[in-house]
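Below is one structure; the comments refer to it alone.
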Amino acid sequence: MVRLKSTRDKMTIIDINGTEATCEWIYKGKRQEEKFQESSLKRVIKRNMTNEW
């Protein structure tokens, strides 16, 4: 899970192409998708159980 550094809304990264990440999230019951530069994102939750990021 990630969020934009400027917001609190959590998103899931579904694809990474170079430094651009495609993210998805739910807004008002509808799936949203948009591309963001990785530098504008902040990780908010670890993705696995081995204590690795």
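We label chains A, B, ... in the order they appear in the structure tokens, count residues from 1 in each chain, and number ligands from 1 in the order shown.
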For A:Lys10: contacts at 8 Å, only C-alpha atoms, fewer than 3 positions along chain excluded, given as number ranges by chain:
A: 1-3, 25, 44
Please identify which residues in chain A DSSP calls strand (DSSP E or B) from the backbone, and express them as a PyMOL selection string.
chain A and resi 2-4+10-17+20-27+30-37+41-43
Go ahead and compute the interatomic distance for atom CA of A:Tyr27 and atom CA of A:Leu41, in Å to one decimal.
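Atom-to-atom, atom CA of A:Tyr27 and atom CA of A:Leu41 are spaced 18.2 Å apart.
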Give me the residues near A:Thr12 as a list in words, where near means some atom within 12 Å (using only C-alpha atoms) and where sequence neighbours in that chain fewer than 3 positions away do not count.
Met1, Val2, Arg3, Leu4, Asp9, Asp15, Ile16, Ala21, Thr22, Cys23, Glu24, Trp25, Ile26, Arg31, Gln32, Glu33, Glu34, Lys35, Phe36, Leu41, Lys42, Arg43, Val44, Ile45, Lys46 and Arg47 of chain A
Only N, CA, C and O atoms, please: the residues just picked out, written as a short mmCIF file (atom, residue, chain, number, x, y, z; two decimals), in the first residue's frame.
```
data_model
loop_
_atom_site.label_atom_id
_atom_site.label_comp_id
_atom_site.auth_asym_id
_atom_site.auth_seq_id
_atom_site.Cartn_x
_atom_site.Cartn_y
_atom_site.Cartn_z
N MET A 1 0.85 -1.18 0.00
CA MET A 1 0.00 0.00 0.00
C MET A 1 0.89 1.24 0.00
O MET A 1 1.92 1.28 0.66
N VAL A 2 0.46 2.22 -0.74
CA VAL A 2 1.17 3.49 -0.83
C VAL A 2 0.15 4.62 -0.75
O VAL A 2 -1.05 4.38 -0.81
N ARG A 3 0.65 5.82 -0.62
CA ARG A 3 -0.18 7.00 -0.71
C ARG A 3 0.65 8.10 -1.34
O ARG A 3 1.88 8.04 -1.34
N LEU A 4 -0.01 9.08 -1.89
CA LEU A 4 0.71 10.25 -2.36
C LEU A 4 1.26 10.98 -1.14
O LEU A 4 0.60 11.02 -0.09
N ASP A 9 -4.97 9.15 1.34
CA ASP A 9 -5.69 8.06 0.68
C ASP A 9 -4.74 6.94 0.29
O ASP A 9 -3.75 7.17 -0.39
N ASP A 15 1.29 -1.84 -11.16
CA ASP A 15 2.32 -1.98 -12.19
C ASP A 15 3.37 -0.89 -12.00
O ASP A 15 3.05 0.19 -11.52
N ILE A 16 4.61 -1.21 -12.33
CA ILE A 16 5.69 -0.23 -12.31
C ILE A 16 6.40 -0.29 -13.65
O ILE A 16 6.75 -1.37 -14.12
N ALA A 21 4.56 4.52 -11.47
CA ALA A 21 3.78 3.46 -10.85
C ALA A 21 2.31 3.66 -11.19
O ALA A 21 1.77 4.76 -11.04
N THR A 22 1.66 2.60 -11.64
CA THR A 22 0.22 2.63 -11.87
C THR A 22 -0.44 2.18 -10.57
O THR A 22 -0.14 1.10 -10.06
N CYS A 23 -1.32 3.00 -10.04
CA CYS A 23 -1.96 2.71 -8.76
C CYS A 23 -3.47 2.61 -8.94
O CYS A 23 -4.04 3.21 -9.85
N GLU A 24 -4.09 1.85 -8.04
CA GLU A 24 -5.54 1.77 -8.04
C GLU A 24 -6.05 1.94 -6.62
O GLU A 24 -5.36 1.63 -5.65
N TRP A 25 -7.29 2.46 -6.51
CA TRP A 25 -7.94 2.66 -5.24
C TRP A 25 -9.43 2.73 -5.48
O TRP A 25 -9.89 2.83 -6.61
N ILE A 26 -10.20 2.67 -4.41
CA ILE A 26 -11.65 2.74 -4.51
C ILE A 26 -12.09 4.11 -4.01
O ILE A 26 -11.71 4.54 -2.93
N ARG A 31 -13.75 1.78 -8.72
CA ARG A 31 -12.32 1.58 -8.87
C ARG A 31 -11.74 2.73 -9.69
O ARG A 31 -12.25 3.10 -10.74
N GLN A 32 -10.66 3.30 -9.16
CA GLN A 32 -9.94 4.38 -9.84
C GLN A 32 -8.54 3.88 -10.17
O GLN A 32 -7.98 3.05 -9.46
N GLU A 33 -7.95 4.40 -11.23
CA GLU A 33 -6.59 4.01 -11.63
C GLU A 33 -5.89 5.22 -12.22
O GLU A 33 -6.48 5.97 -13.00
N GLU A 34 -4.63 5.42 -11.82
CA GLU A 34 -3.86 6.53 -12.35
C GLU A 34 -2.37 6.22 -12.20
O GLU A 34 -1.96 5.44 -11.35
N LYS A 35 -1.56 6.87 -13.05
CA LYS A 35 -0.11 6.71 -13.00
C LYS A 35 0.51 7.89 -12.24
O LYS A 35 0.09 9.03 -12.41
N PHE A 36 1.51 7.56 -11.39
CA PHE A 36 2.21 8.56 -10.60
C PHE A 36 3.70 8.29 -10.66
O PHE A 36 4.12 7.13 -10.80
N LEU A 41 5.27 9.08 -4.18
CA LEU A 41 4.57 8.09 -3.36
C LEU A 41 5.33 7.77 -2.09
O LEU A 41 6.55 7.83 -2.04
N LYS A 42 4.59 7.38 -1.07
CA LYS A 42 5.18 6.95 0.20
C LYS A 42 4.55 5.62 0.57
O LYS A 42 3.32 5.45 0.53
N ARG A 43 5.38 4.65 0.95
CA ARG A 43 4.89 3.33 1.37
C ARG A 43 4.23 3.46 2.74
O ARG A 43 4.76 4.12 3.62
N VAL A 44 3.06 2.83 2.92
CA VAL A 44 2.37 2.91 4.19
C VAL A 44 2.18 1.56 4.88
O VAL A 44 1.94 1.51 6.06
N ILE A 45 2.30 0.46 4.13
CA ILE A 45 2.13 -0.88 4.72
C ILE A 45 3.12 -1.83 4.06
O ILE A 45 3.27 -1.83 2.85
N LYS A 46 3.77 -2.68 4.87
CA LYS A 46 4.65 -3.71 4.31
C LYS A 46 3.81 -4.72 3.54
O LYS A 46 2.69 -5.04 3.92
N ARG A 47 4.37 -5.27 2.45
CA ARG A 47 3.61 -6.16 1.58
C ARG A 47 3.82 -7.64 1.86
O ARG A 47 3.18 -8.47 1.26
#
```
